[in-house]
Amino acid sequence: MSLLMVQGVLPHGALPDRGLTAMCVLLVPVVVPALAAALAAAFGWRRSVAWAAVGASSAVLSAGIVAAVATVDGSSLAVGGLLRADALTAVMLLVIGGVSVIATWASVGYINGELLTQKTTSSGARRYAILVPLFISTMAGTVLAANLGVMWAGIEATTIVTAFLVGHHGGRRAVEATWKYVIICSVGIALAYLGTVLVYYASQHAGGADGIKGTLDWTTLVAHADRLDPGVMRIAVVLLVLGFGTKVGLVPLHSWLPDAHSEAPAPVSALMSGVLLSVAGYALLRYRVIAAVALDPGFIRTLLLVVGIGSVAFAASMMIAQRDYKRLLAYSSMEHMGLVAIGMAVGTPLAIAALLLHVLGHGLAKAVLFCASGQVLEITGTTRMDGVRGLLTRRPVLAGLFALGFAALLGLPPFSLFGSELALARATAGAGLSWVVGVSLLLLLVVFIAIARPVADMLFGPHDGAERGGIGERDARTGAATAAMQPAASVVPLVLGLVALVVIGVAAPLDGLLQSAAAIVGTR
Amino acid sequence: MSAALSAQLLDALCGGILLTAVLTLWRRDLAAIVSLLAIQGALIAGLALLLGITESSVELCLAALGVAVLKAGVLPAILRRVLADSGEVRETAPLVNVTASLLAAAALTLLAYVLSGPLVALAPSAATRALPVGIAVVLLGFFMLVTRRRALSQVIGFLLLDNGITTAAFLATSGVPLVVELGVSLDVLLVVLVLQIVAARMRTAFGSTDLDGLDGLRD
């Protein structure tokens with residue numbers, strides 16, 4: 001640890017002053033969004049406040065890019081004992097920043113539209129404007145934490161901050177979703193806390209001449225992981241996988257996910273599905289290294305394989321006869337997180353690099369899709385897939401974005417998920433787990449059919465007269481609002497997301513960073 | 001304080017913590033359950049204080065003070081306010097009746113002793129030998145959470161679970177670092193506040209806090 005601290009403060013690499021860089025990278029992602037939230041608290045929902053949130057998200061993204069440049073060589077940045085950034089943190093900051101830019105940008109049109117159609121009040125809009133940047137800030141704080149206890153507190157804080165975002169729309173369904181979300185996630189996270197306590201207990205008795213005497217500092221724990229008591233660590237690891245797995249949306253404590261994701265406002269769903277799940281996954285990634293060294297590596301692998309394959313299988317089964325497109329997207333998140341858990345189970349550097357690329361690609365694709373689905377809901381007034389027909393002829397631009405988003409999500413080239421799924425399969429087969437590849441491919445085929453068929457109907461299907469009447473009326477009522485927002489505030493961020501997906505997929509600019517990150521948390 | 005006396009006190013406190021947890025499963029009167037939770041909070045604070053005195057650690061004594069304020073004062077006060085607002089005084093229809101609940105409690109306590117074997121084995125001492133009590137309270141909280149039908153009962157189940165974890169943390173590690181402890185306490189407080197508001201919204205939307213009403217979201 002002390003060695004890394006010295007490294008972090010010494011001038012190093014292409015950047016002029018490493019200490020200053022560290023301060024910026026570590027503080028900006030937490031402080032700037034918090035300032036945007038303070039602005040919203042002071043002035044309520046305004047155009048300038050909404051754009052300040054977009055600016056804050058861009059700041060997080062920029063900090064992620066600076067962090068990536070500074071840590072691509074495998075070094076790390078640190079301030080004090082609590083904040084730390086390495087290549088893995090940089091990848092997560094890029095995911096958080098990228099998805100946040102899309103989501104906050106789409107929020108501008110989304111909330112203005114809701115205010116116009118009186119679906120929300122000015123106090124509701126103010127609360128939204130405060131909570132969304134706070135949400136981004138807590139997630140950034142979570143990935144920047146050097147201490148596993150602080151990381152835990154950050155993940156629990158995201159539950160608190162997002163509770164009222166899930167309940168934004170009010171009414172029975174929103175209340176129900178909020179209750180389930182808060183209770184199930186809090187219990188899950190409480191189990192993870194018990195796991196954290198046990199890790200701390202094990203570290204207190206790790207012994208040795210240079211004994212580590214009770215710490216939750218990740219770097220120290222990884223360095224001394226082989227001395228942690230296996231009996232205690234086994235219980236701790238089960239609790240941690242179960243607990244953080246709740247927040248990732250993995251079986252068996254996943255039942256909050258479809259409800260919360262389908263009831264939350266579209267940009268919030270984008271953030272929750274695109275980043276929050278992976279931030280919790282990041283916690284598992286950090287603990288996996290410790291567990292792989294402290295225990296027989298097969299233990300954590302089996303555990304993660306069971307929850308991973310279980311989640312993909314459950315999600316696929318729920319997607320087959322799904323009638324609601326927001327729930328379809330929610331279950332698709334569960335499926336992708338299951339794939340990420342399988343990648344974690346494999347745990348080789350190749351698998352870790354692939355799953356990180358997958359997390360980034362999934363985040364961007366889900367952000368595009370949830371934001372687009374919010375606009376589809378705005379136009380059609382229904383989340384039922386059989387209520388949406390002929391989207392391509394009625395709203396060609398939106399339908400095009402929607403279709404491309406699904407193409408990206410289903411892993412078609414040239415989008416980056418094609419490459420990451422292929423790499424995941426290769427890494428899994430390479431680790432001697434060919435049967436896992438076989439099972440996963442079969443399940444992915446089911447998912448592909450379950451998504452492609454209803455989505456094709458939504459895009460191309462003929463819409464009958466009776467339904468057209470209803471939609472025509474809605475179109476007239478909300479048309480003015482959406483048409484006014486259409487060009488800048490609602491289309492541009494989605495296009496940006498898709499372009500980013502293609503660039504990452506084709507030009508592979510992040511390969512070096514992903515490999516550095518994989519070297520940090522991968523095991524052979 | 002002699003070692004024998006402090007060990008006896010420790011056992012008495014842990015016995016009290018387990019007893020209050022079992023009693024919450026026995027009582028159906030929600031106000032009585034909240035009082036039991038407050039007593040349990042005070043016992044946990046006493047446990048932290050005892051450990052703080054035997055190890056002469058100022059940090060632990062401060063933590064004990066924090067636990068006393070939060071778990072014996074603030075949280076029960078919030079729950080009492082929810083109770084007064086809702087006018088629901090009894091857990092009317094738990095999924096499992098009282099006799100079966102108490103039998104389950106006995107089984108879960110035994111399970112806790114089996115599960116915590118490796119935990120005690122790492123560093124046997126008076127404190128760690130009482131660790132199964134913390135784990136048992138966690139399991140009892142979980143049991144309450146899944147078998148009760150009132151919103152407030154579920155919150156109490158969650159708090160019971162949290163009390164169990166706090167007890168286990170004090171017994172195993174003599175308290176996690178203060179910054180983590182602070183974060184945890186703040187989180188629990190905020191979760192309960194959030195749940196209080198959601199429960200109020202639930203009453204407006206559904207007319208009661210019977211969770212059987214939560215069936216609008218399904219596939």
# chains A, B, ... in the order shown; residues from 1 in each chain; ligands from 1
>>> interface_residues(of="chain B", to="chain A", cutoff="7 Å", atoms="only C-alpha atoms", output="number ranges by chain")
B: 118-119, 158, 162, 165, 169, 172-173, 176, 180, 183-184, 187, 190-191, 198, 201-202, 205, 214, 216-217, 219
>>> write_last_selection(atoms="N, CA and C atoms", output="compact mmCIF listing (two decimals), in the first residue's frame")
# COMPACT_ATOMS: atom_id res chain seq x y z
N PRO B 118 -16.98 -22.46 12.36
CA PRO B 118 -15.69 -21.96 11.87
C PRO B 118 -15.35 -20.57 12.39
N LEU B 119 -16.38 -19.76 12.65
CA LEU B 119 -16.12 -18.40 13.12
C LEU B 119 -15.53 -18.43 14.52
N PHE B 158 -36.34 -6.17 9.38
CA PHE B 158 -35.08 -5.63 8.85
C PHE B 158 -34.20 -5.10 9.98
N ASP B 162 -30.53 -6.23 11.27
CA ASP B 162 -29.42 -5.29 11.44
C ASP B 162 -28.84 -5.36 12.85
N ILE B 165 -26.55 -8.26 13.04
CA ILE B 165 -25.25 -8.01 12.40
C ILE B 165 -24.38 -7.14 13.29
N ALA B 169 -20.86 -8.07 14.79
CA ALA B 169 -19.69 -7.23 14.51
C ALA B 169 -18.95 -6.89 15.80
N ALA B 172 -17.31 -10.23 17.23
CA ALA B 172 -16.21 -10.81 16.46
C ALA B 172 -15.01 -9.87 16.40
N THR B 173 -15.27 -8.59 16.13
CA THR B 173 -14.15 -7.70 15.80
C THR B 173 -13.99 -6.58 16.80
N VAL B 176 -16.14 -2.55 13.93
CA VAL B 176 -15.45 -2.24 12.68
C VAL B 176 -14.92 -0.82 12.78
N VAL B 180 -16.63 3.25 8.98
CA VAL B 180 -17.59 2.27 8.44
C VAL B 180 -18.83 2.21 9.33
N GLY B 183 -21.02 5.10 8.63
CA GLY B 183 -21.71 4.93 7.36
C GLY B 183 -22.88 3.98 7.51
N VAL B 184 -22.65 2.87 8.21
CA VAL B 184 -23.70 1.86 8.39
C VAL B 184 -24.87 2.44 9.16
N ASP B 187 -26.85 4.81 7.11
CA ASP B 187 -27.62 4.10 6.10
C ASP B 187 -28.88 3.49 6.70
N LEU B 190 -31.43 6.15 7.40
CA LEU B 190 -32.06 6.66 6.19
C LEU B 190 -33.02 5.65 5.58
N VAL B 191 -32.63 4.36 5.61
CA VAL B 191 -33.52 3.33 5.07
C VAL B 191 -34.84 3.34 5.81
N VAL B 198 -42.52 5.69 2.45
CA VAL B 198 -43.18 4.79 1.50
C VAL B 198 -44.41 4.15 2.14
N ARG B 201 -47.16 6.54 1.96
CA ARG B 201 -47.73 6.58 0.61
C ARG B 201 -48.59 5.34 0.36
N MET B 202 -48.14 4.21 0.94
CA MET B 202 -48.88 2.97 0.74
C MET B 202 -50.28 3.09 1.33
N ALA B 205 -52.37 5.11 -0.97
CA ALA B 205 -52.71 4.44 -2.21
C ALA B 205 -53.59 3.21 -2.02
N LEU B 214 -49.97 -5.77 -2.32
CA LEU B 214 -48.92 -5.52 -3.31
C LEU B 214 -48.90 -6.63 -4.36
N GLY B 216 -49.88 -5.74 -7.82
CA GLY B 216 -50.14 -5.11 -9.12
C GLY B 216 -49.06 -5.40 -10.14
N LEU B 217 -47.85 -5.71 -9.68
CA LEU B 217 -46.74 -5.89 -10.61
C LEU B 217 -46.43 -7.37 -10.76
N ASP B 219 -45.73 -10.66 -14.00
CA ASP B 219 -45.54 -10.90 -15.43
C ASP B 219 -46.75 -11.59 -16.05
>>> residues_around(residues="Ala136 in chain B", least_positions_apart="6", cutoff="8 Å", atoms="only C-alpha atoms", output="list of chain:residue names")
B:Leu18, B:Leu108, B:Thr109, B:Leu111, B:Ala112, B:Tyr113, B:Gly164
>>> write_last_selection(atoms="C-alpha atoms", output="PDB file, in the first residue's frame")
ATOM      1  CA  LEU B  18     -31.391 -13.414  21.905  1.00  0.00           C
ATOM      2  CA  LEU B 108     -32.841 -21.289  13.581  1.00  0.00           C
ATOM      3  CA  THR B 109     -30.844 -20.761  16.787  1.00  0.00           C
ATOM      4  CA  LEU B 111     -28.655 -23.648  12.870  1.00  0.00           C
ATOM      5  CA  ALA B 112     -26.818 -20.474  13.897  1.00  0.00           C
ATOM      6  CA  TYR B 113     -24.641 -22.492  16.295  1.00  0.00           C
ATOM      7  CA  GLY B 164     -27.982  -9.195  14.746  1.00  0.00           C
TER       8      GLY B 164
END
>>> select_by_dssp(residues="range 10-164 of chain A", states="strand (DSSP E)", output="PDB file with N, CA and C atoms, in the first residue's frame")
ATOM      1  N   LEU A  77      -3.772   5.845  -8.514  1.00  0.00           N
ATOM      2  CA  LEU A  77      -3.783   7.175  -7.921  1.00  0.00           C
ATOM      3  C   LEU A  77      -4.443   7.066  -6.559  1.00  0.00           C
ATOM      4  N   ALA A  78      -3.922   7.815  -5.579  1.00  0.00           N
ATOM      5  CA  ALA A  78      -4.548   7.742  -4.261  1.00  0.00           C
ATOM      6  C   ALA A  78      -4.507   9.092  -3.574  1.00  0.00           C
ATOM      7  N   VAL A  79      -5.566   9.388  -2.814  1.00  0.00           N
ATOM      8  CA  VAL A  79      -5.580  10.572  -1.954  1.00  0.00           C
ATOM      9  C   VAL A  79      -5.990  10.102  -0.571  1.00  0.00           C
ATOM     10  N   LEU A  83      -9.613   7.164  -0.722  1.00  0.00           N
ATOM     11  CA  LEU A  83      -9.922   7.187  -2.152  1.00  0.00           C
ATOM     12  C   LEU A  83      -8.755   6.642  -2.956  1.00  0.00           C
ATOM     13  N   ARG A  84      -9.086   5.896  -3.995  1.00  0.00           N
ATOM     14  CA  ARG A  84      -8.053   5.253  -4.770  1.00  0.00           C
ATOM     15  C   ARG A  84      -8.614   4.964  -6.148  1.00  0.00           C
ATOM     16  N   ALA A  85      -7.774   5.095  -7.180  1.00  0.00           N
ATOM     17  CA  ALA A  85      -8.224   4.776  -8.534  1.00  0.00           C
ATOM     18  C   ALA A  85      -7.156   3.979  -9.253  1.00  0.00           C
TER      19      ALA A  85
END
>>> select_by_dssp(residues="range 183-418 of chain A", states="alpha helix (DSSP H)", output="PyMOL selection string")
chain A and resi 183-204+218-223+230-248+256-263+266-271+277-294+297-320+325-346+349-380+391-394+396-409+416-418
>>> residues_around(residues="range 380-390 of chain A", least_positions_apart="6", cutoff="6 Å", atoms="only C-alpha atoms", output="ChimeraX atom specification")
/A:323-325,458-463,471
>>> closest_residue(among="B:Phe143, B:Phe170, B:Phe206, B:Trp26", to="Ala130 in chain B", atoms="only C-alpha atoms")
B:Phe170
>>> closest_residue(among="A:Ala192, A:Val32, A:Val132, A:Leu412", to="Thr158 in chain A", atoms="only C-alpha atoms")
A:Val132
>>> closest_residue(among="B:Leu10, B:Leu75, B:Val96, B:Val69", to="Ile53 in chain B", atoms="only C-alpha atoms")
B:Leu10
>>> atom_distance(atom1="CA of Lys119 in chain A", atom2="CA of Ala106 in chain A")
16.7 Å
>>> decode(residues="range 130-144 of chain B", atoms="C-alpha atoms", output="compact mmCIF listing (two decimals), in the first residue's frame")
# COMPACT_ATOMS: atom_id res chain seq x y z
CA ALA B 130 -21.16 -15.73 21.92
CA LEU B 131 -21.03 -15.03 18.16
CA PRO B 132 -23.81 -17.54 17.33
CA VAL B 133 -26.20 -15.21 19.18
CA GLY B 134 -25.61 -12.50 16.58
CA ILE B 135 -26.06 -14.95 13.72
CA ALA B 136 -29.24 -16.33 15.35
CA VAL B 137 -30.71 -12.83 15.60
CA VAL B 138 -29.91 -12.29 11.89
CA LEU B 139 -31.78 -15.48 11.01
CA LEU B 140 -34.73 -14.57 13.25
CA GLY B 141 -34.94 -11.16 11.60
CA PHE B 142 -34.94 -12.81 8.19
CA PHE B 143 -37.68 -15.18 9.36
CA MET B 144 -39.82 -12.28 10.57
